[in-house]
Every structure is written in C-alpha cells, then in structure tokens.
file target_12.pdb (PDB, C-alpha atoms)
MODEL        1
ATOM      1  CA  MET I   1      42.970 310.454  39.001  1.00  0.00           C
ATOM      2  CA  LEU I   2      39.712 308.504  39.265  1.00  0.00           C
ATOM      3  CA  PRO I   3      37.665 307.651  36.164  1.00  0.00           C
ATOM      4  CA  SER I   4      34.834 310.128  35.617  1.00  0.00           C
ATOM      5  CA  THR I   5      32.232 307.402  36.269  1.00  0.00           C
ATOM      6  CA  PHE I   6      33.665 306.756  39.736  1.00  0.00           C
ATOM      7  CA  GLU I   7      33.632 310.492  40.485  1.00  0.00           C
ATOM      8  CA  ASP I   8      29.987 310.694  39.383  1.00  0.00           C
ATOM      9  CA  TYR I   9      29.078 307.896  41.793  1.00  0.00           C
ATOM     10  CA  LEU I  10      30.872 309.505  44.723  1.00  0.00           C
ATOM     11  CA  GLU I  11      29.287 312.892  44.010  1.00  0.00           C
ATOM     12  CA  ALA I  12      25.835 311.304  43.736  1.00  0.00           C
ATOM     13  CA  ILE I  13      26.271 309.429  47.015  1.00  0.00           C
ATOM     14  CA  LEU I  14      27.386 312.645  48.724  1.00  0.00           C
ATOM     15  CA  THR I  15      24.151 314.291  47.564  1.00  0.00           C
ATOM     16  CA  ILE I  16      21.946 311.316  48.481  1.00  0.00           C
ATOM     17  CA  THR I  17      23.434 311.000  51.942  1.00  0.00           C
ATOM     18  CA  GLU I  18      23.108 314.714  52.694  1.00  0.00           C
ATOM     19  CA  SER I  19      26.869 315.343  52.803  1.00  0.00           C
ATOM     20  CA  GLY I  20      27.648 311.930  54.271  1.00  0.00           C
ATOM     21  CA  GLY I  21      25.120 312.026  57.094  1.00  0.00           C
ATOM     22  CA  ARG I  22      23.671 308.596  56.294  1.00  0.00           C
ATOM     23  CA  ALA I  23      24.147 305.563  54.044  1.00  0.00           C
ATOM     24  CA  ALA I  24      22.810 305.329  50.474  1.00  0.00           C
ATOM     25  CA  THR I  25      20.984 302.280  49.163  1.00  0.00           C
ATOM     26  CA  LEU I  26      21.760 300.714  45.806  1.00  0.00           C
ATOM     27  CA  ASP I  27      18.287 301.646  44.553  1.00  0.00           C
ATOM     28  CA  GLU I  28      18.897 305.310  45.426  1.00  0.00           C
ATOM     29  CA  ILE I  29      22.273 305.310  43.708  1.00  0.00           C
ATOM     30  CA  ALA I  30      20.927 303.662  40.549  1.00  0.00           C
ATOM     31  CA  ALA I  31      18.013 306.117  40.409  1.00  0.00           C
ATOM     32  CA  ALA I  32      20.242 309.155  40.918  1.00  0.00           C
ATOM     33  CA  LEU I  33      22.553 308.091  38.096  1.00  0.00           C
ATOM     34  CA  ASP I  34      19.758 306.797  35.843  1.00  0.00           C
ATOM     35  CA  THR I  35      21.372 303.386  35.475  1.00  0.00           C
ATOM     36  CA  GLY I  36      20.497 299.769  36.182  1.00  0.00           C
ATOM     37  CA  LYS I  37      20.833 298.322  39.663  1.00  0.00           C
ATOM     38  CA  GLU I  38      23.239 295.629  38.436  1.00  0.00           C
ATOM     39  CA  THR I  39      25.525 298.192  36.813  1.00  0.00           C
ATOM     40  CA  ALA I  40      25.399 300.353  39.920  1.00  0.00           C
ATOM     41  CA  GLY I  41      26.234 297.351  42.078  1.00  0.00           C
ATOM     42  CA  THR I  42      29.323 296.551  40.011  1.00  0.00           C
ATOM     43  CA  THR I  43      30.653 300.099  40.223  1.00  0.00           C
ATOM     44  CA  VAL I  44      29.883 300.366  43.932  1.00  0.00           C
ATOM     45  CA  ALA I  45      31.757 297.112  44.556  1.00  0.00           C
ATOM     46  CA  SER I  46      34.821 298.550  42.793  1.00  0.00           C
ATOM     47  CA  LEU I  47      34.646 301.710  44.900  1.00  0.00           C
ATOM     48  CA  VAL I  48      34.405 299.626  48.072  1.00  0.00           C
ATOM     49  CA  GLU I  49      37.437 297.629  46.999  1.00  0.00           C
ATOM     50  CA  GLU I  50      39.373 300.844  46.293  1.00  0.00           C
ATOM     51  CA  GLY I  51      38.514 302.214  49.740  1.00  0.00           C
ATOM     52  CA  TYR I  52      36.219 305.052  48.665  1.00  0.00           C
ATOM     53  CA  LEU I  53      33.070 303.427  50.071  1.00  0.00           C
ATOM     54  CA  GLU I  54      32.269 301.098  52.956  1.00  0.00           C
ATOM     55  CA  ARG I  55      29.387 298.668  53.399  1.00  0.00           C
ATOM     56  CA  ALA I  56      26.463 299.515  55.663  1.00  0.00           C
ATOM     57  CA  ASP I  57      23.224 297.619  56.348  1.00  0.00           C
ATOM     58  CA  GLY I  58      21.886 295.500  53.480  1.00  0.00           C
ATOM     59  CA  ASP I  59      23.118 296.762  50.127  1.00  0.00           C
ATOM     60  CA  ALA I  60      23.666 300.309  51.417  1.00  0.00           C
ATOM     61  CA  VAL I  61      27.063 302.035  51.415  1.00  0.00           C
ATOM     62  CA  ARG I  62      28.555 305.164  52.891  1.00  0.00           C
ATOM     63  CA  LEU I  63      31.513 307.329  51.974  1.00  0.00           C
ATOM     64  CA  THR I  64      34.851 306.768  53.683  1.00  0.00           C
ATOM     65  CA  GLY I  65      37.035 309.734  54.519  1.00  0.00           C
ATOM     66  CA  LYS I  66      38.907 309.158  51.278  1.00  0.00           C
ATOM     67  CA  GLY I  67      35.670 308.984  49.294  1.00  0.00           C
ATOM     68  CA  SER I  68      34.172 312.015  51.006  1.00  0.00           C
ATOM     69  CA  SER I  69      37.235 314.097  50.113  1.00  0.00           C
ATOM     70  CA  VAL I  70      36.960 313.242  46.413  1.00  0.00           C
ATOM     71  CA  ALA I  71      33.174 313.692  46.378  1.00  0.00           C
ATOM     72  CA  SER I  72      33.384 317.121  48.014  1.00  0.00           C
ATOM     73  CA  GLN I  73      36.050 318.228  45.555  1.00  0.00           C
ATOM     74  CA  VAL I  74      33.990 317.144  42.543  1.00  0.00           C
ATOM     75  CA  ALA I  75      30.829 318.725  43.989  1.00  0.00           C
ATOM     76  CA  ARG I  76      32.661 322.047  44.453  1.00  0.00           C
ATOM     77  CA  LYS I  77      33.859 321.973  40.853  1.00  0.00           C
ATOM     78  CA  HIS I  78      30.298 321.360  39.718  1.00  0.00           C
ATOM     79  CA  ARG I  79      28.946 324.271  41.765  1.00  0.00           C
ATOM     80  CA  VAL I  80      31.591 326.734  40.553  1.00  0.00           C
ATOM     81  CA  LEU I  81      31.213 325.706  36.915  1.00  0.00           C
ATOM     82  CA  GLN I  82      27.423 325.834  37.023  1.00  0.00           C
ATOM     83  CA  CYS I  83      27.515 329.238  38.704  1.00  0.00           C
ATOM     84  CA  PHE I  84      29.977 330.570  36.119  1.00  0.00           C
ATOM     85  CA  LEU I  85      27.892 329.289  33.200  1.00  0.00           C
ATOM     86  CA  THR I  86      24.616 330.699  34.533  1.00  0.00           C
ATOM     87  CA  GLU I  87      25.671 333.982  36.144  1.00  0.00           C
ATOM     88  CA  MET I  88      28.547 335.011  33.886  1.00  0.00           C
ATOM     89  CA  LEU I  89      27.541 333.491  30.530  1.00  0.00           C
ATOM     90  CA  GLY I  90      23.758 333.435  30.879  1.00  0.00           C
ATOM     91  CA  VAL I  91      23.396 329.703  30.180  1.00  0.00           C
ATOM     92  CA  ASP I  92      20.081 328.100  31.182  1.00  0.00           C
ATOM     93  CA  GLU I  93      20.356 326.486  34.630  1.00  0.00           C
ATOM     94  CA  ASP I  94      19.523 322.941  33.494  1.00  0.00           C
ATOM     95  CA  ALA I  95      21.888 323.166  30.534  1.00  0.00           C
ATOM     96  CA  ALA I  96      24.586 324.634  32.781  1.00  0.00           C
ATOM     97  CA  SER I  97      24.227 321.699  35.183  1.00  0.00           C
ATOM     98  CA  ARG I  98      24.658 319.217  32.332  1.00  0.00           C
ATOM     99  CA  GLU I  99      27.701 321.085  31.012  1.00  0.00           C
ATOM    100  CA  ALA I 100      29.184 321.232  34.516  1.00  0.00           C
ATOM    101  CA  CYS I 101      28.796 317.452  34.823  1.00  0.00           C
ATOM    102  CA  THR I 102      30.942 317.057  31.710  1.00  0.00           C
ATOM    103  CA  LEU I 103      33.549 319.697  32.530  1.00  0.00           C
ATOM    104  CA  GLU I 104      34.078 318.939  36.223  1.00  0.00           C
ATOM    105  CA  HIS I 105      36.133 315.802  35.585  1.00  0.00           C
ATOM    106  CA  GLY I 106      38.854 317.379  33.462  1.00  0.00           C
ATOM    107  CA  ILE I 107      39.293 320.820  35.018  1.00  0.00           C
ATOM    108  CA  SER I 108      42.110 321.450  37.478  1.00  0.00           C
ATOM    109  CA  ASP I 109      41.747 322.697  41.058  1.00  0.00           C
ATOM    110  CA  GLU I 110      43.811 325.784  40.159  1.00  0.00           C
ATOM    111  CA  THR I 111      41.448 326.721  37.333  1.00  0.00           C
ATOM    112  CA  ILE I 112      38.443 326.258  39.611  1.00  0.00           C
ATOM    113  CA  ASP I 113      40.086 328.510  42.209  1.00  0.00           C
ATOM    114  CA  ARG I 114      40.669 331.159  39.551  1.00  0.00           C
ATOM    115  CA  LEU I 115      37.114 330.937  38.260  1.00  0.00           C
ATOM    116  CA  SER I 116      35.812 331.304  41.795  1.00  0.00           C
ATOM    117  CA  SER I 117      38.054 334.332  42.421  1.00  0.00           C
ATOM    118  CA  TYR I 118      37.027 335.825  39.085  1.00  0.00           C
ATOM    119  CA  MET I 119      33.342 335.620  39.981  1.00  0.00           C
ATOM    120  CA  ASP I 120      33.946 337.040  43.458  1.00  0.00           C
ATOM    121  CA  GLY I 121      35.710 340.011  41.879  1.00  0.00           C
ATOM    122  CA  ALA I 122      33.041 340.479  39.219  1.00  0.00           C
ATOM    123  CA  GLN I 123      30.390 340.763  41.902  1.00  0.00           C
ATOM    124  CA  SER I 124      32.393 343.060  44.203  1.00  0.00           C
ATOM    125  CA  PRO I 125      31.814 346.826  44.177  1.00  0.00           C
ATOM    126  CA  PRO I 126      34.632 349.129  42.991  1.00  0.00           C
ATOM    127  CA  GLY I 127      37.179 349.856  45.697  1.00  0.00           C
ATOM    128  CA  ARG I 128      37.309 346.369  47.201  1.00  0.00           C
ATOM    129  CA  MET I 129      40.763 345.795  45.705  1.00  0.00           C
ATOM    130  CA  GLY I 130      42.457 348.569  47.590  1.00  0.00           C
ATOM    131  CA  ARG I 131      45.348 346.504  48.988  1.00  0.00           C
ATOM    132  CA  CYS I 132      47.636 344.015  47.311  1.00  0.00           C
ATOM    133  CA  ARG I 133      47.125 340.485  48.665  1.00  0.00           C
ATOM    134  CA  GLY I 134      49.000 337.884  46.601  1.00  0.00           C
ATOM    135  CA  ARG I 135      47.044 337.230  43.422  1.00  0.00           C
ATOM    136  CA  ASP I 136      44.584 340.010  44.359  1.00  0.00           C
ATOM    137  CA  CYS I 137      47.122 342.665  43.379  1.00  0.00           C
ATOM    138  CA  THR I 138      45.804 344.885  40.559  1.00  0.00           C
ATOM    139  CA  LEU I 139      47.391 347.439  38.241  1.00  0.00           C
ATOM    140  CA  LEU I 140      46.275 350.209  40.595  1.00  0.00           C
ATOM    141  CA  ASP I 141      48.270 348.612  43.429  1.00  0.00           C
ATOM    142  CA  CYS I 142      51.525 348.673  41.441  1.00  0.00           C
ATOM    143  CA  LYS I 143      54.202 351.359  41.622  1.00  0.00           C
ATOM    144  CA  GLU I 144      55.802 353.151  38.698  1.00  0.00           C
ATOM    145  CA  GLY I 145      58.596 351.010  37.308  1.00  0.00           C
ATOM    146  CA  ASP I 146      57.073 347.676  38.434  1.00  0.00           C
ATOM    147  CA  THR I 147      57.065 344.841  35.914  1.00  0.00           C
ATOM    148  CA  VAL I 148      54.266 342.345  36.439  1.00  0.00           C
ATOM    149  CA  ARG I 149      52.462 339.497  34.708  1.00  0.00           C
ATOM    150  CA  VAL I 150      48.705 339.583  34.038  1.00  0.00           C
ATOM    151  CA  ALA I 151      47.003 336.794  36.029  1.00  0.00           C
ATOM    152  CA  MET I 152      43.347 337.397  35.102  1.00  0.00           C
ATOM    153  CA  MET I 153      40.783 340.056  34.272  1.00  0.00           C
ATOM    154  CA  ARG I 154      37.835 340.439  36.631  1.00  0.00           C
ATOM    155  CA  GLY I 155      34.348 341.575  35.734  1.00  0.00           C
ATOM    156  CA  PRO I 156      32.142 341.204  32.652  1.00  0.00           C
ATOM    157  CA  PRO I 157      34.192 340.384  29.524  1.00  0.00           C
ATOM    158  CA  ARG I 158      32.509 343.221  27.598  1.00  0.00           C
ATOM    159  CA  ARG I 159      34.262 345.716  29.889  1.00  0.00           C
ATOM    160  CA  HIS I 160      37.600 344.621  28.463  1.00  0.00           C
ATOM    161  CA  ARG I 161      36.511 343.930  24.877  1.00  0.00           C
ATOM    162  CA  ARG I 162      38.701 346.619  23.313  1.00  0.00           C
ATOM    163  CA  LEU I 163      41.797 345.581  25.265  1.00  0.00           C
ATOM    164  CA  LEU I 164      41.262 341.921  24.419  1.00  0.00           C
ATOM    165  CA  ASP I 165      40.637 342.694  20.742  1.00  0.00           C
ATOM    166  CA  LEU I 166      43.975 344.497  20.649  1.00  0.00           C
ATOM    167  CA  GLY I 167      45.663 341.513  22.261  1.00  0.00           C
ATOM    168  CA  ILE I 168      46.966 343.716  25.050  1.00  0.00           C
ATOM    169  CA  PHE I 169      45.930 341.855  28.170  1.00  0.00           C
ATOM    170  CA  PRO I 170      45.626 338.093  27.773  1.00  0.00           C
ATOM    171  CA  PRO I 171      46.664 336.183  30.921  1.00  0.00           C
ATOM    172  CA  GLY I 172      50.433 335.752  31.026  1.00  0.00           C
ATOM    173  CA  GLU I 173      51.212 339.077  29.303  1.00  0.00           C
ATOM    174  CA  ILE I 174      54.146 341.030  30.799  1.00  0.00           C
ATOM    175  CA  VAL I 175      53.319 344.642  31.681  1.00  0.00           C
ATOM    176  CA  GLN I 176      55.571 347.479  32.884  1.00  0.00           C
ATOM    177  CA  ILE I 177      54.011 350.314  34.889  1.00  0.00           C
ATOM    178  CA  ARG I 178      55.244 353.531  33.247  1.00  0.00           C
ATOM    179  CA  ARG I 179      53.230 356.260  34.972  1.00  0.00           C
ATOM    180  CA  LYS I 180      50.377 356.647  37.470  1.00  0.00           C
ATOM    181  CA  LEU I 181      48.354 359.789  36.781  1.00  0.00           C
ATOM    182  CA  PRO I 182      46.504 361.983  39.313  1.00  0.00           C
ATOM    183  CA  ASN I 183      43.108 360.809  37.997  1.00  0.00           C
ATOM    184  CA  ASP I 184      44.107 357.177  38.767  1.00  0.00           C
ATOM    185  CA  SER I 185      44.672 356.330  35.116  1.00  0.00           C
ATOM    186  CA  VAL I 186      47.680 354.089  34.555  1.00  0.00           C
ATOM    187  CA  VAL I 187      50.107 354.185  31.643  1.00  0.00           C
ATOM    188  CA  VAL I 188      51.650 350.795  30.945  1.00  0.00           C
ATOM    189  CA  ARG I 189      54.108 349.454  28.390  1.00  0.00           C
ATOM    190  CA  VAL I 190      53.025 346.276  26.615  1.00  0.00           C
ATOM    191  CA  LYS I 191      54.821 344.773  23.625  1.00  0.00           C
ATOM    192  CA  GLY I 192      56.882 347.940  23.237  1.00  0.00           C
ATOM    193  CA  CYS I 193      53.879 350.308  23.223  1.00  0.00           C
ATOM    194  CA  ASP I 194      52.675 352.710  25.912  1.00  0.00           C
ATOM    195  CA  ILE I 195      48.955 352.334  26.643  1.00  0.00           C
ATOM    196  CA  ALA I 196      46.836 354.524  28.936  1.00  0.00           C
ATOM    197  CA  ILE I 197      44.339 352.505  30.996  1.00  0.00           C
ATOM    198  CA  SER I 198      41.285 354.568  31.928  1.00  0.00           C
ATOM    199  CA  PRO I 199      38.861 354.733  33.734  1.00  0.00           C
ATOM    200  CA  PRO I 200      40.460 353.403  36.940  1.00  0.00           C
ATOM    201  CA  GLU I 201      37.828 350.637  37.209  1.00  0.00           C
ATOM    202  CA  ILE I 202      39.517 348.957  34.235  1.00  0.00           C
ATOM    203  CA  ALA I 203      42.959 349.005  35.894  1.00  0.00           C
ATOM    204  CA  ARG I 204      41.410 347.806  39.159  1.00  0.00           C
ATOM    205  CA  SER I 205      39.921 344.771  37.402  1.00  0.00           C
ATOM    206  CA  ILE I 206      43.237 343.626  35.894  1.00  0.00           C
ATOM    207  CA  VAL I 207      44.784 341.246  38.426  1.00  0.00           C
ATOM    208  CA  VAL I 208      48.566 340.861  38.224  1.00  0.00           C
ATOM    209  CA  GLU I 209      51.338 338.902  39.893  1.00  0.00           C
ATOM    210  CA  SER I 210      55.050 339.512  40.317  1.00  0.00           C
ATOM    211  CA  CYS I 211      57.386 338.206  37.660  1.00  0.00           C
ATOM    212  CA  PRO I 212      59.778 335.525  38.963  1.00  0.00           C
TER     213      PRO I 212
ENDMDL
END

call {"tool": "encode", "arguments": {"input": "target_12.pdb", "output": "structure tokens"}}
result
Amino acid sequence: MLPSTFEDYLEAILTITESGGRAATLDEIAAALDTGKETAGTTVASLVEEGYLERADGDAVRLTGKGSSVASQVARKHRVLQCFLTEMLGVDEDAASREACTLEHGISDETIDRLSSYMDGAQSPPGRMGRCRGRDCTLLDCKEGDTVRVAMMRGPPRRHRRLLDLGIFPPGEIVQIRRKLPNDSVVVRVKGCDIAISPPEIARSIVVESCP
C-alpha cells in the first residue's frame, strides 16, 4: 500500500492532466497540493523511481499505467466518500471534500463498494429490488425457512432507527425467515425472538446474503 502522500500526488496529477490526457508540470503539482516546488520535486522523483510516473518535457511528468490505476482508485474513493457525506449525512460540500481526503487512504475497496451500493439503493424507488441478485437479495426475496445474514440496510438511517435501537439488524446478524404474510410483512426470528417487519419497504431495504 502506498503512503498517503504518494496517493495524494497521483490523484492530483490525474486531476491536473484531465484523466491522464496530458503531462503535469512541477509548478502545477506544487500549486495543487499547496506545497513547495522543491518538496514536490522530491516526491515526484520518488514516484518516477517507483514506476508510477514517467518524465515528459522539461520538469513535467505523466502517469504510467501503474500510476493511473492507483490514481483512479483513490479518486473513486474520494468521490464516493464525498457523495456519502454530503447527500446522506448533510455535511457541507467543502468540509466533506476535506474529510474525504483524510478517509480515502485507509478505507478498503470492499467498504467503498458497499457505500456506493447503499447510496444507489437509498436513491432507488420502492420495487427496484424485486429479484435476488447476489448481495442485492433482500428479506422480501427470501422464502420461509431461509436463514440469512444481514449484509447492510439501505435508505435513510432514520427509517431503521427503532430496529437499530433494539439491536435487531446490525450487519452480520443471523436472521431466520419464519413467515411471509399476505400483506408482504415478514416475520423473522432474531436472537430467539420473533419480530414482524412491516411495512414491506422496511424488509425490502434490508439486504441479506446466504450463510456459508
């Protein structure tokens, strides 16, 4: 895993060069990262030596395939995190960008994928989850007698406040489908207790996966 400073440089160069379409000068890199030209030159030299950048005309550099891959990955993490902070948590856009810059270096690809899926589900109208597709399987897709593990809960957190307060549906919880009622309510057994999940929008927003 690259140091966070190196990732910041690669992400900045990706932005400067318009997704790798041209080379970036040392002055542009230093300005983008609000650092001195000498410091930027030292870091750039290390990235060239490691094979993430290659020299262009003058003091300019461009991303290699290896560098472009890392830069794109970091940029995606930044976008997903900033979107989550602004749209789901209501954080100011500038503050969200700063927070994303800090968080993007330590968060895993799997968590980013889950955050992205969570936001897609939160913005989808009811009924979009009609068929079970891997991790997109919800409680409404399960059959009576199925035993599944909760993967995530889609939609605004306030929708699930009561369930979360009761400790019923944190990710990783094992759930058995006891009954499916005609009104699309679902009765599940969790921690030895039978719980009725209604309205159906709640059950549809609880994403589950098969137990191994």

call {"tool": "resolve_selection", "arguments": {"input": "target_12.pdb", "expression": "the PyMOL selection byres ((chain I and resi 100) around 12)", "output": "ChimeraX atom specification"}}
result
/I:8,74-86,91-99,101-107,112

call {"tool": "residues_around", "arguments": {"input": "target_12.pdb", "residues": "stretch 17-27 of chain I", "least_positions_apart": "5", "cutoff": "8 Å", "atoms": "all atoms listed in the file", "output": "number ranges by chain"}}
result
I: 37, 40-41, 56, 59-63, 68

call {"tool": "closest_residue", "arguments": {"input": "target_12.pdb", "among": "I:Leu10, I:Val175, I:Cys193, I:Ala151", "to": "I:Leu115", "atoms": "only C-alpha atoms"}}
result
I:Ala151

call {"tool": "atom_distance", "arguments": {"input": "target_12.pdb", "atom1": "atom CA of I:Ile174", "atom2": "atom CA of I:Glu209"}}
result
9.8 Å

call {"tool": "axis_aligned_box", "arguments": {"input": "target_12.pdb", "around": "stretch 201-206 of chain I", "padding_each_side": "5 Å", "output": "JSON"}}
result
{"center_x": 40.5, "center_y": 347.1, "center_z": 36.7, "size_x": 15.4, "size_y": 17.0, "size_z": 14.9}

call {"tool": "atom_distance", "arguments": {"input": "target_12.pdb", "atom1": "atom CA of I:Thr15", "atom2": "atom CA of I:Ala32"}}
result
9.3 Å

call {"tool": "atom_distance", "arguments": {"input": "target_12.pdb", "atom1": "atom CA of I:Ser46", "atom2": "atom CA of I:Glu28"}}
result
17.5 Å

call {"tool": "residues_near_point", "arguments": {"input": "target_12.pdb", "point": "(41.6, 308.8, 49.0)", "cutoff": "10 Å", "atoms": "all atoms listed in the file", "output": "NGL selection string"}}
result
:I and (2 or 50-52 or 64-70)

call {"tool": "closest_residue", "arguments": {"input": "target_12.pdb", "among": "I:Cys142, I:Val48, I:Ile29, I:Met1", "to": "I:Ile13", "atoms": "only C-alpha atoms"}}
result
I:Ile29

call {"tool": "residues_near_point", "arguments": {"input": "target_12.pdb", "point": "(51.5, 354.5, 29.2)", "cutoff": "7 Å", "atoms": "only C-alpha atoms", "output": "list in words"}}
result
Arg178, Arg179, Val186, Val187, Val188, Arg189, Asp194, Ile195 and Ala196 of chain I

call {"tool": "write_last_selection", "arguments": {"input": "target_12.pdb", "atoms": "C-alpha atoms", "output": "PDB file, in the frame of the given file"}}
result
ATOM      1  CA  ARG I 178      55.244 353.531  33.247  1.00  0.00           C
ATOM      2  CA  ARG I 179      53.230 356.260  34.972  1.00  0.00           C
ATOM      3  CA  VAL I 186      47.680 354.089  34.555  1.00  0.00           C
ATOM      4  CA  VAL I 187      50.107 354.185  31.643  1.00  0.00           C
ATOM      5  CA  VAL I 188      51.650 350.795  30.945  1.00  0.00           C
ATOM      6  CA  ARG I 189      54.108 349.454  28.390  1.00  0.00           C
ATOM      7  CA  ASP I 194      52.675 352.710  25.912  1.00  0.00           C
ATOM      8  CA  ILE I 195      48.955 352.334  26.643  1.00  0.00           C
ATOM      9  CA  ALA I 196      46.836 354.524  28.936  1.00  0.00           C
TER      10      ALA I 196
END

call {"tool": "decode", "arguments": {"input": "target_12.pdb", "residues": "stretch 180-206 of chain I", "atoms": "N, CA and C atoms", "output": "PDB file, in the first residue's frame"}}
result
ATOM      1  N   LYS I 180     -44.080 -15.367   5.816  1.00  0.00           N
ATOM      2  CA  LYS I 180     -44.317 -14.246   4.901  1.00  0.00           C
ATOM      3  C   LYS I 180     -45.830 -14.069   4.813  1.00  0.00           C
ATOM      4  N   LEU I 181     -46.321 -12.908   5.197  1.00  0.00           N
ATOM      5  CA  LEU I 181     -47.746 -12.656   5.301  1.00  0.00           C
ATOM      6  C   LEU I 181     -48.303 -12.092   3.996  1.00  0.00           C
ATOM      7  N   PRO I 182     -49.623 -12.215   3.797  1.00  0.00           N
ATOM      8  CA  PRO I 182     -50.235 -11.737   2.544  1.00  0.00           C
ATOM      9  C   PRO I 182     -50.009 -10.258   2.266  1.00  0.00           C
ATOM     10  N   ASN I 183     -49.844  -9.440   3.313  1.00  0.00           N
ATOM     11  CA  ASN I 183     -49.628  -8.001   3.105  1.00  0.00           C
ATOM     12  C   ASN I 183     -48.159  -7.657   2.890  1.00  0.00           C
ATOM     13  N   ASP I 184     -47.326  -8.681   2.645  1.00  0.00           N
ATOM     14  CA  ASP I 184     -45.887  -8.540   2.400  1.00  0.00           C
ATOM     15  C   ASP I 184     -45.076  -8.223   3.655  1.00  0.00           C
ATOM     16  N   SER I 185     -45.713  -8.281   4.821  1.00  0.00           N
ATOM     17  CA  SER I 185     -44.930  -8.205   6.051  1.00  0.00           C
ATOM     18  C   SER I 185     -44.167  -9.514   6.209  1.00  0.00           C
ATOM     19  N   VAL I 186     -43.061  -9.457   6.918  1.00  0.00           N
ATOM     20  CA  VAL I 186     -42.218 -10.636   7.108  1.00  0.00           C
ATOM     21  C   VAL I 186     -41.991 -10.843   8.605  1.00  0.00           C
ATOM     22  N   VAL I 187     -42.177 -12.066   9.055  1.00  0.00           N
ATOM     23  CA  VAL I 187     -41.887 -12.401  10.448  1.00  0.00           C
ATOM     24  C   VAL I 187     -40.559 -13.140  10.477  1.00  0.00           C
ATOM     25  N   VAL I 188     -39.610 -12.610  11.238  1.00  0.00           N
ATOM     26  CA  VAL I 188     -38.283 -13.206  11.299  1.00  0.00           C
ATOM     27  C   VAL I 188     -37.937 -13.549  12.745  1.00  0.00           C
ATOM     28  N   ARG I 189     -37.041 -14.502  12.903  1.00  0.00           N
ATOM     29  CA  ARG I 189     -36.533 -14.843  14.236  1.00  0.00           C
ATOM     30  C   ARG I 189     -35.104 -14.333  14.355  1.00  0.00           C
ATOM     31  N   VAL I 190     -34.880 -13.499  15.356  1.00  0.00           N
ATOM     32  CA  VAL I 190     -33.564 -12.926  15.625  1.00  0.00           C
ATOM     33  C   VAL I 190     -33.286 -13.060  17.106  1.00  0.00           C
ATOM     34  N   LYS I 191     -32.160 -13.659  17.443  1.00  0.00           N
ATOM     35  CA  LYS I 191     -31.760 -13.809  18.848  1.00  0.00           C
ATOM     36  C   LYS I 191     -32.847 -14.484  19.679  1.00  0.00           C
ATOM     37  N   GLY I 192     -33.527 -15.456  19.059  1.00  0.00           N
ATOM     38  CA  GLY I 192     -34.539 -16.228  19.772  1.00  0.00           C
ATOM     39  C   GLY I 192     -35.900 -15.589  19.837  1.00  0.00           C
ATOM     40  N   CYS I 193     -36.082 -14.407  19.243  1.00  0.00           N
ATOM     41  CA  CYS I 193     -37.371 -13.705  19.284  1.00  0.00           C
ATOM     42  C   CYS I 193     -37.949 -13.582  17.882  1.00  0.00           C
ATOM     43  N   ASP I 194     -39.283 -13.688  17.785  1.00  0.00           N
ATOM     44  CA  ASP I 194     -39.961 -13.476  16.510  1.00  0.00           C
ATOM     45  C   ASP I 194     -40.352 -12.007  16.387  1.00  0.00           C
ATOM     46  N   ILE I 195     -39.962 -11.391  15.269  1.00  0.00           N
ATOM     47  CA  ILE I 195     -40.211  -9.972  15.035  1.00  0.00           C
ATOM     48  C   ILE I 195     -40.931  -9.812  13.701  1.00  0.00           C
ATOM     49  N   ALA I 196     -42.021  -9.028  13.696  1.00  0.00           N
ATOM     50  CA  ALA I 196     -42.740  -8.744  12.458  1.00  0.00           C
ATOM     51  C   ALA I 196     -42.165  -7.478  11.836  1.00  0.00           C
ATOM     52  N   ILE I 197     -41.753  -7.564  10.575  1.00  0.00           N
ATOM     53  CA  ILE I 197     -41.179  -6.430   9.858  1.00  0.00           C
ATOM     54  C   ILE I 197     -42.235  -5.868   8.922  1.00  0.00           C
ATOM     55  N   SER I 198     -42.697  -4.667   9.209  1.00  0.00           N
ATOM     56  CA  SER I 198     -43.726  -4.002   8.421  1.00  0.00           C
ATOM     57  C   SER I 198     -43.517  -2.491   8.559  1.00  0.00           C
ATOM     58  N   PRO I 199     -43.770  -1.711   7.499  1.00  0.00           N
ATOM     59  CA  PRO I 199     -44.304  -2.055   6.176  1.00  0.00           C
ATOM     60  C   PRO I 199     -43.267  -2.769   5.319  1.00  0.00           C
ATOM     61  N   PRO I 200     -43.679  -3.272   4.152  1.00  0.00           N
ATOM     62  CA  PRO I 200     -42.755  -4.041   3.302  1.00  0.00           C
ATOM     63  C   PRO I 200     -41.532  -3.260   2.841  1.00  0.00           C
ATOM     64  N   GLU I 201     -41.625  -1.907   2.799  1.00  0.00           N
ATOM     65  CA  GLU I 201     -40.464  -1.110   2.397  1.00  0.00           C
ATOM     66  C   GLU I 201     -39.282  -1.326   3.331  1.00  0.00           C
ATOM     67  N   ILE I 202     -39.582  -1.611   4.611  1.00  0.00           N
ATOM     68  CA  ILE I 202     -38.504  -1.865   5.576  1.00  0.00           C
ATOM     69  C   ILE I 202     -37.797  -3.167   5.228  1.00  0.00           C
ATOM     70  N   ALA I 203     -38.589  -4.237   4.987  1.00  0.00           N
ATOM     71  CA  ALA I 203     -37.995  -5.535   4.642  1.00  0.00           C
ATOM     72  C   ALA I 203     -37.235  -5.455   3.331  1.00  0.00           C
ATOM     73  N   ARG I 204     -37.747  -4.640   2.385  1.00  0.00           N
ATOM     74  CA  ARG I 204     -37.096  -4.513   1.087  1.00  0.00           C
ATOM     75  C   ARG I 204     -35.748  -3.797   1.198  1.00  0.00           C
ATOM     76  N   SER I 205     -35.569  -2.993   2.236  1.00  0.00           N
ATOM     77  CA  SER I 205     -34.335  -2.230   2.383  1.00  0.00           C
ATOM     78  C   SER I 205     -33.278  -2.975   3.176  1.00  0.00           C
ATOM     79  N   ILE I 206     -33.613  -4.148   3.713  1.00  0.00           N
ATOM     80  CA  ILE I 206     -32.645  -4.941   4.474  1.00  0.00           C
ATOM     81  C   ILE I 206     -32.005  -5.968   3.534  1.00  0.00           C
TER      82      ILE I 206
END
